[in-house]
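entry13.cif (mmCIF, C-alpha atoms) appears below.
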data_final
#
loop_
_atom_site.label_atom_id
_atom_site.label_comp_id
_atom_site.auth_asym_id
_atom_site.auth_seq_id
_atom_site.Cartn_x
_atom_site.Cartn_y
_atom_site.Cartn_z
CA MET A 879 -11.77 -5.62 -18.49
CA LYS A 880 -14.12 -3.23 -16.71
CA ASN A 881 -15.59 -3.72 -13.24
CA LYS A 882 -17.63 -1.28 -11.17
CA ILE A 883 -16.31 -1.58 -7.64
CA GLN A 884 -16.06 0.29 -4.38
CA GLN A 885 -12.46 1.44 -4.11
CA TYR A 886 -10.49 2.93 -1.23
CA SER A 887 -6.93 3.42 -0.12
CA TRP A 888 -5.21 1.71 2.78
CA GLY A 889 -6.64 4.29 5.17
CA LEU A 890 -10.19 3.27 4.11
CA TYR A 891 -10.91 6.97 3.70
CA PRO A 892 -12.35 8.14 1.41
CA LYS A 893 -14.39 5.45 -0.38
CA ILE A 894 -15.58 5.84 -3.96
CA LYS A 895 -17.52 3.84 -6.55
CA CYS A 896 -15.30 3.52 -9.58
CA LYS A 897 -14.70 1.63 -12.80
CA SER A 898 -11.61 -0.58 -12.63
CA LEU A 899 -9.79 -1.06 -15.93
CA ARG A 900 -7.41 -4.02 -15.85
CA PHE A 901 -4.69 -4.94 -18.34
CA THR A 902 -2.15 -7.72 -18.76
CA GLU A 903 -0.32 -6.55 -21.89
CA ILE A 904 0.75 -3.25 -23.45
CA ASN A 905 -1.87 -3.14 -26.19
CA GLU A 906 -4.64 -3.48 -23.60
CA LEU A 907 -3.15 -0.59 -21.64
CA ARG A 908 -2.79 1.50 -24.80
CA ASN A 909 -6.45 0.89 -25.62
CA ILE A 910 -7.47 2.08 -22.14
CA VAL A 911 -5.27 5.18 -22.17
CA THR A 912 -6.27 6.38 -25.63
CA LYS A 913 -10.01 5.80 -25.20
CA GLU A 914 -10.62 6.86 -21.60
CA ASN A 915 -10.33 10.29 -19.97
CA HIS A 916 -9.93 11.30 -16.32
CA ILE A 917 -8.05 8.13 -15.41
CA ILE A 918 -5.38 7.34 -12.85
CA ALA A 919 -3.02 4.37 -12.44
CA HIS A 920 -3.72 2.25 -9.35
CA GLY A 921 -1.33 -0.22 -7.76
CA ASN A 922 -1.91 -2.36 -4.69
CA GLY A 923 -3.90 0.31 -2.83
CA ARG A 924 -1.31 0.99 -0.14
CA SER A 925 -1.20 4.77 -0.41
CA TYR A 926 -3.22 6.19 2.47
CA GLY A 927 -5.32 8.89 0.83
CA ASP A 928 -6.96 9.57 -2.53
CA SER A 929 -3.90 9.93 -4.77
CA ALA A 930 -4.81 6.79 -6.75
CA LEU A 931 -8.60 7.14 -6.62
CA ASN A 932 -10.97 8.46 -9.27
CA LYS A 933 -14.18 7.38 -11.02
CA LYS A 934 -11.97 5.40 -13.43
CA ILE A 935 -8.77 3.69 -12.32
CA ILE A 936 -6.23 1.58 -14.21
CA ASP A 937 -5.47 -1.57 -12.21
CA CYS A 938 -1.77 -2.25 -12.85
CA THR A 939 -1.30 -5.26 -10.59
CA ALA A 940 -1.62 -7.95 -13.31
CA TYR A 941 1.31 -6.43 -15.22
CA ASN A 942 3.88 -7.81 -12.81
CA LYS A 943 6.65 -9.87 -14.42
CA VAL A 944 10.39 -9.69 -13.85
CA ILE A 945 12.08 -8.78 -17.14
CA SER A 946 15.71 -9.28 -16.11
CA PHE A 947 17.84 -9.70 -13.00
CA ASP A 948 21.61 -9.28 -13.23
CA LYS A 949 22.91 -11.04 -10.12
CA GLU A 950 26.46 -9.80 -10.69
CA ARG A 951 25.76 -6.10 -11.22
CA GLY A 952 22.79 -5.97 -8.85
CA THR A 953 20.25 -4.56 -11.27
CA LEU A 954 16.67 -5.63 -11.81
CA LYS A 955 14.17 -4.69 -14.48
CA ALA A 956 10.49 -5.48 -13.99
CA GLN A 957 7.00 -4.53 -15.04
CA ALA A 958 5.53 -1.76 -12.91
CA GLY A 959 2.76 -3.83 -11.30
CA ILE A 960 5.13 -6.17 -9.47
CA LEU A 961 5.11 -5.93 -5.68
CA LEU A 962 8.27 -5.13 -3.75
CA ASP A 963 7.40 -8.27 -1.79
CA ASP A 964 7.90 -10.40 -4.89
CA ILE A 965 11.12 -8.60 -5.79
CA LEU A 966 12.53 -9.22 -2.31
CA GLU A 967 11.68 -12.92 -2.44
CA LEU A 968 13.78 -13.15 -5.61
CA ILE A 969 16.77 -10.97 -4.73
CA ILE A 970 17.47 -11.59 -1.01
CA PRO A 971 18.65 -15.23 -1.47
CA GLU A 972 21.07 -13.89 -4.09
CA GLY A 973 22.54 -11.36 -1.65
CA TRP A 974 20.70 -8.22 -2.75
CA PHE A 975 18.19 -5.84 -1.16
CA LEU A 976 16.38 -2.67 -2.17
CA LYS A 977 18.56 0.43 -1.82
CA VAL A 978 15.53 2.31 -0.50
CA THR A 979 12.35 0.78 0.87
CA PRO A 980 9.29 2.24 2.60
CA GLY A 981 7.65 0.73 5.69
CA THR A 982 5.64 -1.76 3.63
CA LYS A 983 6.75 -4.15 0.90
CA MET A 984 3.17 -4.58 -0.32
CA ILE A 985 3.40 -1.74 -2.86
CA THR A 986 4.05 -1.91 -6.57
CA LEU A 987 7.25 -0.87 -8.28
CA GLY A 988 5.32 1.77 -10.21
CA GLY A 989 3.77 3.06 -7.00
CA ALA A 990 7.19 3.34 -5.36
CA ILE A 991 8.33 5.58 -8.22
CA ALA A 992 5.12 7.63 -8.44
CA SER A 993 5.29 8.32 -4.69
CA ASP A 994 9.11 8.58 -4.68
CA VAL A 995 9.00 6.60 -1.45
CA HIS A 996 11.66 6.85 1.20
CA GLY A 997 12.70 4.79 4.19
CA LYS A 998 14.77 4.63 7.33
CA ASN A 999 17.94 5.55 5.41
CA HIS A 1000 16.94 8.74 3.60
CA HIS A 1001 19.65 10.69 5.42
CA ILE A 1002 22.18 8.34 3.76
CA ASP A 1003 20.65 7.14 0.47
CA GLY A 1004 17.80 9.52 -0.39
CA CYS A 1005 14.51 8.53 -2.03
CA PHE A 1006 13.59 5.51 -4.14
CA SER A 1007 14.26 7.51 -7.31
CA GLU A 1008 17.98 7.49 -6.43
CA SER A 1009 17.98 3.76 -7.18
CA VAL A 1010 15.99 4.07 -10.42
CA LEU A 1011 18.28 3.79 -13.45
CA ASN A 1012 15.45 4.36 -15.93
CA PHE A 1013 11.78 3.68 -16.46
CA SER A 1014 9.27 3.61 -19.31
CA ILE A 1015 5.99 5.50 -19.19
CA MET A 1016 2.95 5.59 -21.45
CA ASP A 1017 1.70 9.08 -22.30
CA LYS A 1018 -1.82 10.22 -23.17
CA GLU A 1019 -1.38 9.19 -26.82
CA GLY A 1020 -0.42 5.64 -25.87
CA ILE A 1021 3.22 6.27 -26.77
CA ILE A 1022 5.84 4.68 -24.52
CA LYS A 1023 8.77 6.90 -23.57
CA LYS A 1024 11.96 5.87 -21.82
CA CYS A 1025 12.95 8.24 -19.01
CA LEU A 1026 16.49 8.72 -17.74
CA LYS A 1027 17.66 10.59 -14.65
CA ASN A 1028 17.18 14.36 -14.78
CA ASP A 1029 14.91 14.18 -17.84
CA GLU A 1030 11.99 16.57 -17.42
CA LEU A 1031 9.60 13.63 -17.40
CA PHE A 1032 11.76 11.77 -14.84
CA LEU A 1033 11.74 14.75 -12.48
CA SER A 1034 7.99 15.18 -12.75
CA THR A 1035 7.06 11.47 -12.57
CA CYS A 1036 9.10 10.57 -9.47
CA GLY A 1037 6.79 11.88 -6.77
CA GLY A 1038 4.18 12.92 -9.37
CA MET A 1039 1.53 10.52 -8.06
CA GLY A 1040 0.69 9.02 -11.45
CA LEU A 1041 -0.27 12.36 -12.99
CA THR A 1042 2.28 12.23 -15.84
CA GLY A 1043 1.20 8.93 -17.39
CA VAL A 1044 1.24 5.22 -16.63
CA ILE A 1045 4.60 3.77 -15.59
CA VAL A 1046 5.13 0.58 -17.59
CA ASP A 1047 8.41 -0.84 -16.33
CA ALA A 1048 11.56 0.22 -14.52
CA GLU A 1049 15.17 -0.78 -13.99
CA ILE A 1050 16.58 -0.31 -10.49
CA LEU A 1051 19.96 -0.63 -8.78
CA LEU A 1052 20.06 -2.92 -5.76
CA GLU A 1053 22.01 -2.94 -2.48
CA LYS A 1054 24.50 -5.73 -1.74
CA ILE A 1055 23.88 -7.60 1.55
CA ASN A 1056 25.36 -10.65 3.28
CA SER A 1057 22.44 -11.54 5.52
CA GLN A 1058 18.70 -11.49 5.95
CA ASN A 1059 19.32 -10.50 9.58
CA MET A 1060 19.62 -7.06 11.12
CA ASN A 1061 21.65 -5.90 14.10
CA ILE A 1062 19.33 -3.55 15.97
CA THR A 1063 20.07 -1.20 18.85
CA ASN A 1064 17.11 0.35 20.66
CA ILE A 1065 17.81 3.53 22.62
CA LYS A 1066 15.14 4.98 24.86
CA SER A 1067 14.68 8.72 25.15
CA ASN A 1068 13.03 10.57 28.01
CA HIS A 1069 11.91 13.63 26.03
CA LEU A 1070 12.03 15.22 22.57
CA LYS A 1071 15.37 16.97 22.99
CA GLU A 1072 16.96 13.66 23.93
CA THR A 1073 15.28 11.96 20.95
CA PHE A 1074 16.82 14.53 18.61
CA LYS A 1075 20.21 14.14 20.29
CA ILE A 1076 20.13 10.36 19.73
CA PHE A 1077 19.43 10.89 16.03
CA GLU A 1078 22.26 13.42 15.81
CA ASN A 1079 24.70 11.10 17.59
CA ASN A 1080 23.80 8.31 15.15
CA LYS A 1081 23.49 10.33 11.95
CA ASN A 1082 26.10 8.16 10.23
CA ALA A 1083 24.17 4.97 10.97
CA LYS A 1084 22.66 3.39 7.85
CA TYR A 1085 19.11 3.00 9.20
CA SER A 1086 17.33 4.88 11.97
CA VAL A 1087 13.74 5.46 13.07
CA ALA A 1088 11.94 6.42 16.27
CA TRP A 1089 8.59 5.49 17.75
CA ILE A 1090 7.22 8.44 19.75
CA ASP A 1091 4.78 8.37 22.66
CA SER A 1092 2.30 10.91 21.29
CA THR A 1093 0.35 11.01 24.56
CA SER A 1094 3.30 12.14 26.70
CA LYS A 1095 3.22 15.65 28.16
CA GLY A 1096 5.31 18.18 30.04
CA SER A 1097 8.88 17.09 30.72
CA LYS A 1098 8.17 13.75 28.98
CA LEU A 1099 6.90 15.28 25.74
CA GLY A 1100 8.39 13.51 22.73
CA ARG A 1101 9.82 10.58 24.64
CA GLY A 1102 10.24 7.41 22.63
CA VAL A 1103 12.44 4.59 21.42
CA VAL A 1104 15.00 5.18 18.66
CA SER A 1105 15.99 2.09 16.67
CA ILE A 1106 19.37 2.02 14.92
CA GLY A 1107 19.91 -0.78 12.41
CA LYS A 1108 22.45 -2.33 10.09
CA PHE A 1109 22.62 -5.59 8.18
CA ALA A 1110 24.41 -8.47 9.86
CA ASN A 1111 27.41 -10.08 8.15
CA ASP A 1112 26.72 -13.76 8.85
CA ASP A 1113 26.07 -15.11 5.31
CA ASP A 1114 22.54 -16.16 6.26
CA LEU A 1115 20.52 -15.61 3.09
CA LYS A 1116 17.96 -18.40 3.54
CA TYR A 1117 15.07 -15.98 3.32
CA ILE A 1118 11.64 -17.27 4.29
CA LYS A 1119 8.72 -14.86 4.34
CA PRO A 1120 7.17 -14.54 7.81
CA LYS A 1121 3.80 -15.99 8.66
CA ILE A 1122 0.95 -13.51 8.35
CA LEU A 1123 -1.64 -12.93 11.03
CA SER A 1124 -5.05 -11.55 10.11
CA ILE A 1125 -7.69 -9.22 11.51
CA PRO A 1126 -10.82 -10.77 9.96
CA LYS A 1127 -13.28 -8.02 10.91
CA TYR A 1128 -13.36 -4.30 11.53
CA ILE A 1129 -12.75 -3.46 15.17
CA PRO A 1130 -15.51 -1.22 16.62
CA SER A 1131 -14.19 2.32 16.33
CA PHE A 1132 -15.28 3.29 19.85
CA LEU A 1133 -12.51 1.03 21.18
CA ILE A 1134 -9.97 3.48 19.75
CA ASN A 1135 -10.21 6.35 22.23
CA ARG A 1136 -7.94 8.54 24.32
CA PHE A 1137 -7.84 5.99 27.17
CA THR A 1138 -6.89 2.96 25.06
CA ILE A 1139 -4.41 5.02 23.06
CA LYS A 1140 -2.72 6.30 26.22
CA LEU A 1141 -2.62 2.79 27.67
CA PHE A 1142 -1.05 1.36 24.52
CA ASN A 1143 1.62 4.08 24.42
CA PHE A 1144 2.44 3.52 28.10
CA ILE A 1145 2.79 -0.24 27.67
CA TYR A 1146 4.76 0.02 24.42
CA TYR A 1147 7.24 2.52 25.86
CA TYR A 1148 7.98 0.57 29.02
CA LYS A 1149 8.01 -2.78 27.24
CA ASN A 1150 10.73 -1.52 24.90
CA ILE A 1151 12.94 0.19 27.45
CA PHE A 1152 13.23 -3.06 29.40
CA LYS A 1153 14.23 -5.05 26.32
CA THR A 1154 17.85 -5.88 25.56
CA ASN A 1155 19.33 -2.81 23.91
CA SER A 1156 21.04 -4.74 21.11
CA ARG A 1157 19.56 -7.74 19.34
CA VAL A 1158 19.37 -9.56 16.01
CA VAL A 1159 16.08 -9.66 14.13
CA LYS A 1160 14.91 -10.77 10.69
CA LEU A 1161 14.85 -7.90 8.19
CA ASP A 1162 11.05 -8.11 7.88
CA SER A 1163 10.71 -7.30 11.58
CA PHE A 1164 12.77 -4.15 11.20
CA PHE A 1165 11.65 -2.83 7.81
CA TYR A 1166 8.07 -4.13 7.58
CA PRO A 1167 6.67 -4.82 11.08
CA LEU A 1168 3.04 -4.09 10.18
CA ASP A 1169 3.13 -6.29 7.08
CA LYS A 1170 2.96 -9.26 9.44
CA ILE A 1171 -0.66 -8.36 10.15
CA LYS A 1172 -2.99 -8.66 7.18
CA ASN A 1173 -5.67 -5.96 7.15
CA TRP A 1174 -4.20 -4.13 10.15
CA ASN A 1175 -6.00 -1.06 8.80
CA ARG A 1176 -9.23 -2.55 10.21
CA VAL A 1177 -8.06 -1.62 13.70
CA TYR A 1178 -9.54 1.88 13.29
CA GLY A 1179 -13.02 0.65 12.38
CA GLU A 1180 -15.02 0.68 9.17
CA ASN A 1181 -14.74 4.46 8.73
CA GLY A 1182 -10.98 4.16 8.49
CA PHE A 1183 -8.16 6.45 9.51
CA ILE A 1184 -6.02 9.29 8.22
CA GLN A 1185 -2.26 9.11 8.33
CA TYR A 1186 -0.82 12.58 8.63
CA GLN A 1187 2.81 12.87 7.59
CA PHE A 1188 4.69 16.13 7.40
CA ILE A 1189 8.31 17.17 7.26
CA LEU A 1190 10.02 20.27 8.63
CA PRO A 1191 13.38 21.74 7.55
CA LEU A 1192 16.27 21.07 9.90
CA GLU A 1193 16.42 24.62 11.23
CA THR A 1194 12.79 24.55 12.44
CA SER A 1195 12.42 20.82 13.16
CA TYR A 1196 12.85 20.78 16.91
CA GLN A 1197 10.76 23.84 17.69
CA GLY A 1198 8.06 22.81 15.22
CA MET A 1199 7.90 19.21 16.41
CA PHE A 1200 7.71 20.37 19.99
CA GLU A 1201 4.77 22.68 19.30
CA ILE A 1202 2.92 20.15 17.15
CA LEU A 1203 3.40 17.23 19.56
CA ASN A 1204 2.33 19.49 22.41
CA LYS A 1205 -0.86 20.37 20.54
CA ILE A 1206 -1.56 16.70 19.75
CA SER A 1207 -1.08 15.72 23.37
CA ASN A 1208 -3.03 18.61 24.90
CA GLU A 1209 -6.03 17.97 22.67
CA THR A 1210 -5.86 14.21 23.40
CA MET A 1211 -5.42 13.41 19.73
CA GLY A 1212 -2.63 10.90 20.29
CA SER A 1213 -2.06 7.76 18.25
CA VAL A 1214 -0.62 4.28 18.64
CA VAL A 1215 1.50 4.76 15.50
CA THR A 1216 3.74 7.84 15.65
CA VAL A 1217 7.01 7.66 13.73
CA LEU A 1218 9.83 10.22 13.65
CA LYS A 1219 12.63 10.04 11.07
CA LEU A 1220 15.74 11.98 10.08
CA TYR A 1221 16.16 13.05 6.43
CA GLY A 1222 19.01 14.17 4.20
CA GLU A 1223 19.15 16.63 1.32
CA GLU A 1224 16.11 16.93 -0.94
CA ASN A 1225 16.35 15.88 -4.58
CA ASN A 1226 15.38 17.75 -7.75
CA ASN A 1227 12.08 15.98 -8.38
CA TYR A 1228 9.26 18.50 -8.60
CA LEU A 1229 6.91 16.96 -6.02
CA SER A 1230 9.21 14.73 -3.97
CA PHE A 1231 8.37 15.00 -0.27
CA PRO A 1232 11.64 14.80 1.71
CA MET A 1233 13.93 17.68 2.62
CA LYS A 1234 16.82 17.90 5.07
CA GLY A 1235 15.15 17.77 8.46
CA TYR A 1236 12.71 15.57 10.37
CA SER A 1237 9.33 14.11 9.55
CA LEU A 1238 6.53 12.83 11.73
CA ALA A 1239 3.88 10.32 10.63
CA ILE A 1240 0.88 9.79 12.85
CA ASP A 1241 -2.45 7.95 12.49
CA PHE A 1242 -5.78 9.44 13.49
CA LYS A 1243 -9.23 7.86 13.40
CA ALA A 1244 -11.22 9.35 10.50
CA CYS A 1245 -13.96 11.63 11.85
CA LYS A 1246 -14.98 15.30 11.76
CA LYS A 1247 -12.95 16.09 14.88
CA THR A 1248 -9.83 14.76 13.18
CA LEU A 1249 -10.46 16.71 9.98
CA ASP A 1250 -10.92 19.96 11.89
CA PHE A 1251 -7.84 19.26 14.01
CA LEU A 1252 -5.65 18.54 10.98
CA ASP A 1253 -6.67 21.84 9.39
CA ASN A 1254 -5.07 23.47 12.43
CA LEU A 1255 -1.96 21.31 12.17
CA ASP A 1256 -1.59 22.36 8.53
CA GLN A 1257 -1.14 25.94 9.69
CA LEU A 1258 1.65 24.93 12.05
CA VAL A 1259 3.40 22.93 9.32
CA ILE A 1260 3.22 25.99 7.05
CA LYS A 1261 4.42 28.23 9.87
CA TYR A 1262 7.55 26.10 10.24
CA LYS A 1263 8.08 25.95 6.44
CA GLY A 1264 7.20 22.26 6.16
CA ARG A 1265 5.23 20.19 3.69
CA ILE A 1266 2.68 17.35 3.63
CA TYR A 1267 3.34 13.97 1.95
CA LEU A 1268 0.93 13.40 -0.96
CA ALA A 1269 1.09 9.60 -0.67
CA LYS A 1270 -0.43 9.88 2.81
CA ASP A 1271 -2.76 12.83 2.22
CA ALA A 1272 -6.56 12.58 2.04
CA ARG A 1273 -7.75 16.08 2.91
CA ILE A 1274 -5.36 19.05 2.64
CA SER A 1275 -6.77 22.10 0.85
CA LYS A 1276 -5.45 23.54 -2.41
CA ASN A 1277 -4.36 26.73 -0.68
CA ASN A 1278 -2.40 24.98 2.06
CA PHE A 1279 -0.77 22.43 -0.23
CA GLY A 1280 0.44 25.09 -2.63
CA LYS A 1281 2.56 26.64 0.11
CA ASN A 1282 4.51 23.45 0.76
CA TYR A 1283 6.17 22.63 -2.56
CA PRO A 1284 8.38 25.23 -4.29
CA ASN A 1285 8.28 23.45 -7.68
CA ILE A 1286 4.53 23.02 -7.86
CA GLU A 1287 4.18 25.54 -10.70
CA LYS A 1288 6.80 23.67 -12.76
CA PHE A 1289 4.82 20.49 -12.30
CA LYS A 1290 1.51 22.11 -13.24
CA ALA A 1291 3.06 23.77 -16.29
CA LEU A 1292 4.45 20.46 -17.55
CA ARG A 1293 1.07 18.76 -17.08
CA GLU A 1294 -0.62 21.49 -19.08
CA LYS A 1295 2.11 21.63 -21.73
CA TYR A 1296 1.63 17.97 -22.65
CA GLY A 1297 -2.13 17.79 -22.03
CA MET A 1298 -1.70 15.45 -19.07
CA ASN A 1299 -4.04 17.47 -16.89
CA LYS A 1300 -7.08 16.46 -18.94
CA LYS A 1301 -6.15 12.78 -19.23
CA PHE A 1302 -4.64 11.78 -15.88
CA GLN A 1303 -6.56 12.91 -12.81
CA SER A 1304 -7.17 11.70 -9.27
CA LEU A 1305 -9.45 12.86 -6.49
CA GLN A 1306 -6.34 14.30 -4.90
CA SER A 1307 -5.12 16.16 -7.98
CA LYS A 1308 -8.49 17.87 -8.39
CA ARG A 1309 -8.64 18.74 -4.69
CA VAL A 1310 -5.17 20.30 -4.47
CA GLY A 1311 -5.18 21.79 -7.97
CA ILE A 1312 -2.34 19.95 -9.65
#
Starting from the file, give its structure as structure tokens.
Amino acid sequence: MKNKIQQYSWGLYPKIKCKSLRFTEINELRNIVTKENHIIAHGNGRSYGDSALNKKIIDCTAYNKVISFDKERGTLKAQAGILLDDILELIIPEGWFLKVTPGTKMITLGGAIASDVHGKNHHIDGCFSESVLNFSIMDKEGIIKKCLKNDELFLSTCGGMGLTGVIVDAEILLEKINSQNMNITNIKSNHLKETFKIFENNKNAKYSVAWIDSTSKGSKLGRGVVSIGKFANDDDLKYIKPKILSIPKYIPSFLINRFTIKLFNFIYYYKNIFKTNSRVVKLDSFFYPLDKIKNWNRVYGENGFIQYQFILPLETSYQGMFEILNKISNETMGSVVTVLKLYGEENNNYLSFPMKGYSLAIDFKACKKTLDFLDNLDQLVIKYKGRIYLAKDARISKNNFGKNYPNIEKFKALREKYGMNKKFQSLQSKRVGI
């Protein structure tokens, strides 16, 4: 089925008129892939930039059935268009959870693989691809290939942003749990050095993440709240999805300004430091807090926002984060959502984002000032030998992106070798030259 629609990512930037090609069975997908050129697979639209946008997109969301679920071994096989949300609703009551999950469960299984997503436990369990036992992918000829770990196609597809074909299904290994509840400890930090020290002191904790006050300056620069989490052991597996609130309309963008951002950061910081340090919360509150608000992306106005996520190697992380946060604060470019995380060793996937070190994710209102400012931040990320996350990117230049990923030439060579570069394209792939 073909529909001409206006399409955009979760950041609402950029927007593009495109043809949406939908399928419900393999033969329909094969017909699309073999007859159309310059196409890209599209999931639930939760990537932030233009990695799944083009003039023609393949809507994968109707191909979303569970194929098998082994409750004893903790393995699940499903079609690639299924949402993590639907997987969780099935597996949690049976005492299983995703080994790796990003900050939203509203993404597809195929999207999780294509972005090689990571979560609050990367320093322990790595990226999503670590839990992938195998997957099937359709190539440009409509042929379905099964990919196993360390296959050339596996290494290029995990983190390859849909540029190696259309993921059809996947089998993943799950994590055993005894509760839908989380034991959470919140630790406040007064400045960046203390924030880093808290992470270091808790590096053996299963899950960790920090909210940072991006408006703080001077001796308070990098202050925040570090949350340390682990699953409870109370045999409570009666999982009920939380109620969803909604933002029905776009909020006028002028309401998001340096004064309201500073006020929010002030309130959020002091609200959290006066909370009980240790508490029990439902897993949705810890892993997916923003999923409780439908259309929360409307907060930034109709023009949308840009989420900027970068990672720096461990040896340059503190100095680099200090300089970048200082620049953000001094130029009053702060945000209400600023997240710092610790990462473990990088994997062998050609375009996977994480490396051993720290990453920062921060939201900025989409406008010319932001675009100019982020060009400057790119130079600092490069200076400290970091890289930008493609699943969040909407604007980095070809020259700057090419300096971030050491295996980019391997990826480009594979695309050319199998003729993928002429079949599978996105706005992002054309912009950054992959």
For a test of reading the model, state the distance in Å between CA of Leu1033 (chain A) and CA of Asp1271 (chain A), rounded to one decimal.
20.7 Å
Mind checking which residues fall within 9 Å of Asp1256 (chain A), counting only C-alpha atoms, ignoring those fewer than 6 positions away in the same chain, and posting them as a PyMOL selection string?
chain A and resi 1188+1265-1266+1274+1278-1279
Atomic distance CA of Ala1083 (chain A) - CA of Ala1110 (chain A), expressed in Å with one decimal:
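So the two atoms, CA of Ala1083 (chain A) and CA of Ala1110 (chain A), lie 13.5 Å apart.
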With all atoms listed in the file as the atoms that count, which of A:Asn1135, A:Asn1208, A:Asn1254, A:Asn1012 lies nearest to Leu1026 (chain A)?
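Among the listed residues, A:Asn1012 lies closest to Leu1026 (chain A).
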Given the PyMOL selection byres ((chain A and resi 1295-1308) around 10) and the file above, list the residues it selects as a PyMOL selection string.
chain A and resi 892+894+911-919+927-935+1017-1019+1038-1044+1268-1269+1271-1276+1289-1294+1309-1312
Chain and number of each residue from the PyMOL selection byres ((chain A and resi 1258) around 12), as a short mmCIF file (atom, residue, chain, number, x, y, z; two decimals) with C-alpha atoms, in the coordinates of the input:
data_model
loop_
_atom_site.label_atom_id
_atom_site.label_comp_id
_atom_site.auth_asym_id
_atom_site.auth_seq_id
_atom_site.Cartn_x
_atom_site.Cartn_y
_atom_site.Cartn_z
CA PHE A 1188 4.69 16.13 7.40
CA ILE A 1189 8.31 17.17 7.26
CA LEU A 1190 10.02 20.27 8.63
CA THR A 1194 12.79 24.55 12.44
CA SER A 1195 12.42 20.82 13.16
CA GLN A 1197 10.76 23.84 17.69
CA GLY A 1198 8.06 22.81 15.22
CA MET A 1199 7.90 19.21 16.41
CA PHE A 1200 7.71 20.37 19.99
CA GLU A 1201 4.77 22.68 19.30
CA ILE A 1202 2.92 20.15 17.15
CA LEU A 1203 3.40 17.23 19.56
CA ASN A 1204 2.33 19.49 22.41
CA LYS A 1205 -0.86 20.37 20.54
CA ILE A 1206 -1.56 16.70 19.75
CA PHE A 1251 -7.84 19.26 14.01
CA LEU A 1252 -5.65 18.54 10.98
CA ASP A 1253 -6.67 21.84 9.39
CA ASN A 1254 -5.07 23.47 12.43
CA LEU A 1255 -1.96 21.31 12.17
CA ASP A 1256 -1.59 22.36 8.53
CA GLN A 1257 -1.14 25.94 9.69
CA VAL A 1259 3.40 22.93 9.32
CA ILE A 1260 3.22 25.99 7.05
CA LYS A 1261 4.42 28.23 9.87
CA TYR A 1262 7.55 26.10 10.24
CA LYS A 1263 8.08 25.95 6.44
CA GLY A 1264 7.20 22.26 6.16
CA ARG A 1265 5.23 20.19 3.69
CA ILE A 1266 2.68 17.35 3.63
CA ASN A 1278 -2.40 24.98 2.06
CA ASN A 1282 4.51 23.45 0.76
#
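Picture a line from CA of Lys1140 (chain A) to CA of Thr1216 (chain A); it runs 12.5 Å.
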With only C-alpha atoms as the counted atoms, please give the residues lying no more than 7 Å from Met984 (chain A), apart from itself and same-chain residues fewer than 5 positions off, as a list in words.
Leu961, Leu962 and Asp963 of chain A
Would you output that residue set with C-alpha atoms, as a PDB file, keeping the file's coordinate frame?
ATOM      1  CA  LEU A 961       5.110  -5.930  -5.680  1.00  0.00           C
ATOM      2  CA  LEU A 962       8.270  -5.130  -3.750  1.00  0.00           C
ATOM      3  CA  ASP A 963       7.400  -8.270  -1.790  1.00  0.00           C
TER       4      ASP A 963
END
Please determine, counting all atoms listed in the file, which residue among A:Ile1240, A:Ile1050, A:Ile1122, A:Ile1045 has the shortest atom-to-atom distance to Ser1007 (chain A).
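Selected residue with least distance to Ser1007 (chain A): A:Ile1050.
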Compare A:Phe1183, A:Tyr891, A:Phe975, A:Tyr1148 by their minimum atom-to-atom distance to Thr1248 (chain A), counting all atoms listed in the file, and give me the closest one.
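The shortest atom-to-atom distance to Thr1248 (chain A) comes from A:Phe1183.
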Name the residues captured by the PyMOL selection byres ((chain A and resi 1006) around 8) when it is applied to the shown file; answer as a list in words.
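When the PyMOL selection byres ((chain A and resi 1006) around 8) is applied to the shown file, the picked residues are Lys977, Val978, Thr979, Ala990, Ile991, Asp994, Val995, His996, Gly1004, Cys1005, Ser1007, Glu1008, Ser1009 and Val1010 of chain A.
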Taking 5 positions as the minimum chain separation for residues in the same chain, which residues sit within 10 Å of Lys1119 (chain A) when counting all atoms listed in the file? Answer as a list in words.
Asp963, Leu966, Glu967, Lys1160, Asp1162 and Lys1170 of chain A
Any chance you could export the current selection's C-alpha atoms as a short mmCIF file (atom, residue, chain, number, x, y, z; two decimals), in the frame of the given file?
data_model
loop_
_atom_site.label_atom_id
_atom_site.label_comp_id
_atom_site.auth_asym_id
_atom_site.auth_seq_id
_atom_site.Cartn_x
_atom_site.Cartn_y
_atom_site.Cartn_z
CA ASP A 963 7.40 -8.27 -1.79
CA LEU A 966 12.53 -9.22 -2.31
CA GLU A 967 11.68 -12.92 -2.44
CA LYS A 1160 14.91 -10.77 10.69
CA ASP A 1162 11.05 -8.11 7.88
CA LYS A 1170 2.96 -9.26 9.44
#
Pick out the residues sitting within 8 Å of Arg908 (chain A), and hand them over as a count of residues only; count only C-alpha atoms, and ignore anything fewer than 2 positions along from it in its own chain.
9
With all atoms listed in the file counted, which protein, DNA or RNA residues have an atom no more than 7 Å from (6.9, 1.6, -20.3) in the file frame? Please answer as a list in words.
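Looking at atoms near the point gives Phe1013, Ser1014, Ile1015, Met1016, Ile1022, Lys1023, Lys1024, Ile1045, Val1046 and Asp1047 of chain A.
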Within-10 Å shell of (18.5, 5.0, 24.4) in input frame, all atoms listed in the file, as a PyMOL selection string
chain A and resi 1063-1068+1072-1073+1076+1102-1106+1151+1155
Give the centre and edge lengths of an axis-aligned box, in Å to one decimal, that holds all listed atoms of region 1031-1040 of chain A with 5 Å on each side, as AutoDock Vina command-line options.
--center_x 6.2 --center_y 12.1 --center_z -12.1 --size_x 21.1 --size_y 16.2 --size_z 20.6
